[in-house]
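A short worksheet on the structure shown next.
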Amino acid sequence: METPTPSRLKSARKAAGLTQQQLGMALGMEPNTASARMNQYEKGKHAPDFLTMKRIANELDVPVAYFYCEEDILAELILELGKLDTLQLERKLQEFKQGK
(Lines give C-alpha, C1' and ligand atoms only; values in the text may rest on other atoms or scores of the structure.)
Protein backbone atom coordinates (compact mmCIF):
# COMPACT_ATOMS: atom_id res chain seq x y z
CA MET A 1 0.00 0.00 0.00
CA GLU A 2 1.22 3.46 -0.85
CA THR A 3 1.45 6.09 1.82
CA PRO A 4 -1.30 8.72 1.69
CA THR A 5 1.13 11.50 2.62
CA PRO A 6 2.06 12.74 -0.89
CA SER A 7 -1.51 13.23 -2.13
CA ARG A 8 -2.66 14.69 1.19
CA LEU A 9 0.25 17.11 1.18
CA LYS A 10 -0.64 18.29 -2.30
CA SER A 11 -4.33 18.67 -1.40
CA ALA A 12 -3.60 20.61 1.78
CA ARG A 13 -1.10 22.87 0.02
CA LYS A 14 -3.56 23.66 -2.75
CA ALA A 15 -6.36 24.27 -0.24
CA ALA A 16 -4.07 26.78 1.48
CA GLY A 17 -3.53 28.50 -1.85
CA LEU A 18 0.23 28.03 -1.85
CA THR A 19 2.63 26.96 -4.57
CA GLN A 20 5.26 24.36 -3.84
CA GLN A 21 7.88 27.08 -3.80
CA GLN A 22 5.88 29.30 -1.42
CA LEU A 23 5.38 26.43 1.03
CA GLY A 24 9.01 25.39 0.86
CA MET A 25 10.19 28.93 1.43
CA ALA A 26 7.78 29.34 4.36
CA LEU A 27 9.49 26.29 5.86
CA GLY A 28 12.89 27.93 5.47
CA MET A 29 14.06 26.24 2.29
CA GLU A 30 16.21 28.11 -0.20
CA PRO A 31 14.11 29.73 -2.97
CA ASN A 32 16.02 27.92 -5.73
CA THR A 33 15.38 24.45 -4.22
CA ALA A 34 12.06 24.89 -2.38
CA SER A 35 9.81 23.90 -5.29
CA ALA A 36 11.90 20.86 -6.22
CA ARG A 37 11.99 19.57 -2.63
CA MET A 38 8.26 20.00 -2.13
CA ASN A 39 7.65 18.33 -5.50
CA GLN A 40 9.67 15.31 -4.37
CA TYR A 41 7.54 15.09 -1.22
CA GLU A 42 4.31 15.35 -3.23
CA LYS A 43 5.48 12.72 -5.73
CA GLY A 44 6.49 10.35 -2.93
CA LYS A 45 10.11 10.20 -4.10
CA HIS A 46 11.26 11.42 -0.69
CA ALA A 47 9.38 11.53 2.59
CA PRO A 48 9.79 14.33 5.09
CA ASP A 49 10.70 13.25 8.60
CA PHE A 50 8.08 13.66 11.30
CA LEU A 51 9.37 17.01 12.58
CA THR A 52 9.35 18.43 9.06
CA MET A 53 5.84 17.07 8.58
CA LYS A 54 4.78 18.82 11.80
CA ARG A 55 6.18 22.09 10.46
CA ILE A 56 4.34 21.56 7.18
CA ALA A 57 1.11 20.80 9.06
CA ASN A 58 1.49 23.96 11.12
CA GLU A 59 2.13 26.05 8.02
CA LEU A 60 -0.92 24.57 6.27
CA ASP A 61 -3.04 24.73 9.46
CA VAL A 62 -3.98 21.04 9.43
CA PRO A 63 -3.41 18.32 12.03
CA VAL A 64 -0.28 16.30 11.31
CA ALA A 65 -2.34 13.10 11.68
CA TYR A 66 -4.18 14.04 8.47
CA PHE A 67 -1.09 13.23 6.43
CA TYR A 68 -0.70 9.72 7.86
CA CYS A 69 -4.29 8.49 8.11
CA GLU A 70 -4.99 5.59 5.71
CA GLU A 71 -8.77 5.99 5.45
CA ASP A 72 -10.00 8.99 3.47
CA ILE A 73 -13.15 9.48 5.52
CA LEU A 74 -11.17 9.42 8.75
CA ALA A 75 -8.69 11.90 7.26
CA GLU A 76 -11.58 14.26 6.44
CA LEU A 77 -12.88 13.87 9.98
CA ILE A 78 -9.42 14.72 11.33
CA LEU A 79 -9.42 17.88 9.20
CA GLU A 80 -12.79 18.95 10.59
CA LEU A 81 -11.83 18.15 14.17
CA GLY A 82 -8.64 20.14 13.69
CA LYS A 83 -10.74 23.26 13.23
CA LEU A 84 -12.17 23.02 16.74
CA ASP A 85 -10.73 24.54 19.89
CA THR A 86 -9.88 22.41 22.93
CA LEU A 87 -13.25 22.85 24.62
CA GLN A 88 -15.13 21.92 21.45
CA LEU A 89 -12.89 18.87 21.02
CA GLU A 90 -13.60 17.75 24.57
CA ARG A 91 -17.35 18.05 23.92
CA LYS A 92 -17.05 16.05 20.68
CA LEU A 93 -15.09 13.37 22.47
CA GLN A 94 -17.80 13.07 25.12
CA GLU A 95 -20.44 12.88 22.39
CA PHE A 96 -18.53 10.09 20.67
CA LYS A 97 -18.15 8.21 23.93
CA GLN A 98 -21.89 8.55 24.60
CA GLY A 99 -22.72 7.30 21.12
CA LYS A 100 -24.28 10.52 19.84
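Identifiers in this document derive from the order of the C-alpha coordinates: chains are assigned A, B, ..., residues are numbered from 1 separately in each chain, and ligands are numbered from 1 in order of occurrence.
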* Asked: Could you pull the residues within 7 Å of Ala34 (chain A), counting only C-alpha atoms, minus those fewer than 6 positions along the same chain, as a ChimeraX atom specification?
  -> /A:20-21,24-25
Take the residues just selected and output them with N, CA and C atoms as a PDB file, in the first residue's frame.
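The resulting file, out.pdb, is shown below:
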ATOM      1  N   GLN A  20       4.223  25.167  -4.483  1.00  0.00           N
ATOM      2  CA  GLN A  20       5.257  24.361  -3.835  1.00  0.00           C
ATOM      3  C   GLN A  20       6.394  25.247  -3.352  1.00  0.00           C
ATOM      4  N   GLN A  21       6.782  26.200  -4.172  1.00  0.00           N
ATOM      5  CA  GLN A  21       7.877  27.084  -3.802  1.00  0.00           C
ATOM      6  C   GLN A  21       7.513  27.933  -2.578  1.00  0.00           C
ATOM      7  N   GLY A  24       7.625  25.705   0.523  1.00  0.00           N
ATOM      8  CA  GLY A  24       9.006  25.387   0.864  1.00  0.00           C
ATOM      9  C   GLY A  24       9.739  26.569   1.478  1.00  0.00           C
ATOM     10  N   MET A  25       9.538  27.731   0.899  1.00  0.00           N
ATOM     11  CA  MET A  25      10.193  28.932   1.431  1.00  0.00           C
ATOM     12  C   MET A  25       9.657  29.284   2.816  1.00  0.00           C
TER      13      MET A  25
END
* Asked: Which residues in chain A does DSSP call alpha helix (DSSP H)? List them as a ChimeraX atom specification.
  -> /A:5-15,20-26,31-43,50-60,72-81,86-98
* Could you jot down the CA of Lys92 (chain A) to CA of Pro6 (chain A) separation for me, Å, one decimal place? =>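 Separation between CA of Lys92 (chain A) and CA of Pro6 (chain A): 29.0 Å.
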* Asked: From the list A:Ala75, A:Thr5, A:Glu95, A:Glu90, which residue is nearest Asp49 (chain A) when using only C-alpha atoms?
  ->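 Closest candidate: A:Thr5.
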* To do: Identify, on the basis of only C-alpha atoms, every residue whose closest approach to Tyr66 (chain A) does not exceed 9 Å; exclude the query and any residue fewer than 6 positions from it along the same chain; express the result as a list of chain:residue names.
  =>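 Contacts, in chain order: A:Thr5, A:Arg8, A:Ala57, A:Leu74, A:Ala75, A:Glu76, A:Leu77, A:Ile78, A:Leu79.
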Find the residues around Tyr41 (chain A) up to 8 Å (only C-alpha atoms counted), leave out those fewer than 6 positions away in its own chain, and share them as a PDB file with N, CA, C and O atoms, in the first residue's frame.
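And here is the file that came out, around-v5.pdb:
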ATOM      1  N   PRO A   6       1.850  11.851   0.264  1.00  0.00           N
ATOM      2  CA  PRO A   6       2.059  12.738  -0.889  1.00  0.00           C
ATOM      3  C   PRO A   6       0.781  13.403  -1.412  1.00  0.00           C
ATOM      4  O   PRO A   6       0.757  14.621  -1.613  1.00  0.00           O
ATOM      5  N   LEU A   9      -0.575  15.906   1.149  1.00  0.00           N
ATOM      6  CA  LEU A   9       0.248  17.107   1.181  1.00  0.00           C
ATOM      7  C   LEU A   9      -0.128  18.036   0.035  1.00  0.00           C
ATOM      8  O   LEU A   9      -0.326  19.241   0.232  1.00  0.00           O
ATOM      9  N   ALA A  47      10.366  11.291   1.541  1.00  0.00           N
ATOM     10  CA  ALA A  47       9.375  11.529   2.588  1.00  0.00           C
ATOM     11  C   ALA A  47       9.979  12.430   3.657  1.00  0.00           C
ATOM     12  O   ALA A  47      11.093  12.165   4.130  1.00  0.00           O
ATOM     13  N   PRO A  48       9.276  13.472   4.022  1.00  0.00           N
ATOM     14  CA  PRO A  48       9.789  14.327   5.095  1.00  0.00           C
ATOM     15  C   PRO A  48       9.767  13.576   6.422  1.00  0.00           C
ATOM     16  O   PRO A  48       8.884  12.733   6.654  1.00  0.00           O
TER      17      PRO A  48
END
* Asked: With only C-alpha atoms as the basis for distance, which of A:Ser11, A:Ser35, A:Gln88, A:Thr52 is at the shortest distance from Leu23 (chain A)?
  ->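 Going through A:Ser11, A:Ser35, A:Gln88, A:Thr52 one by one, the smallest distance to Leu23 (chain A) is for A:Ser35.
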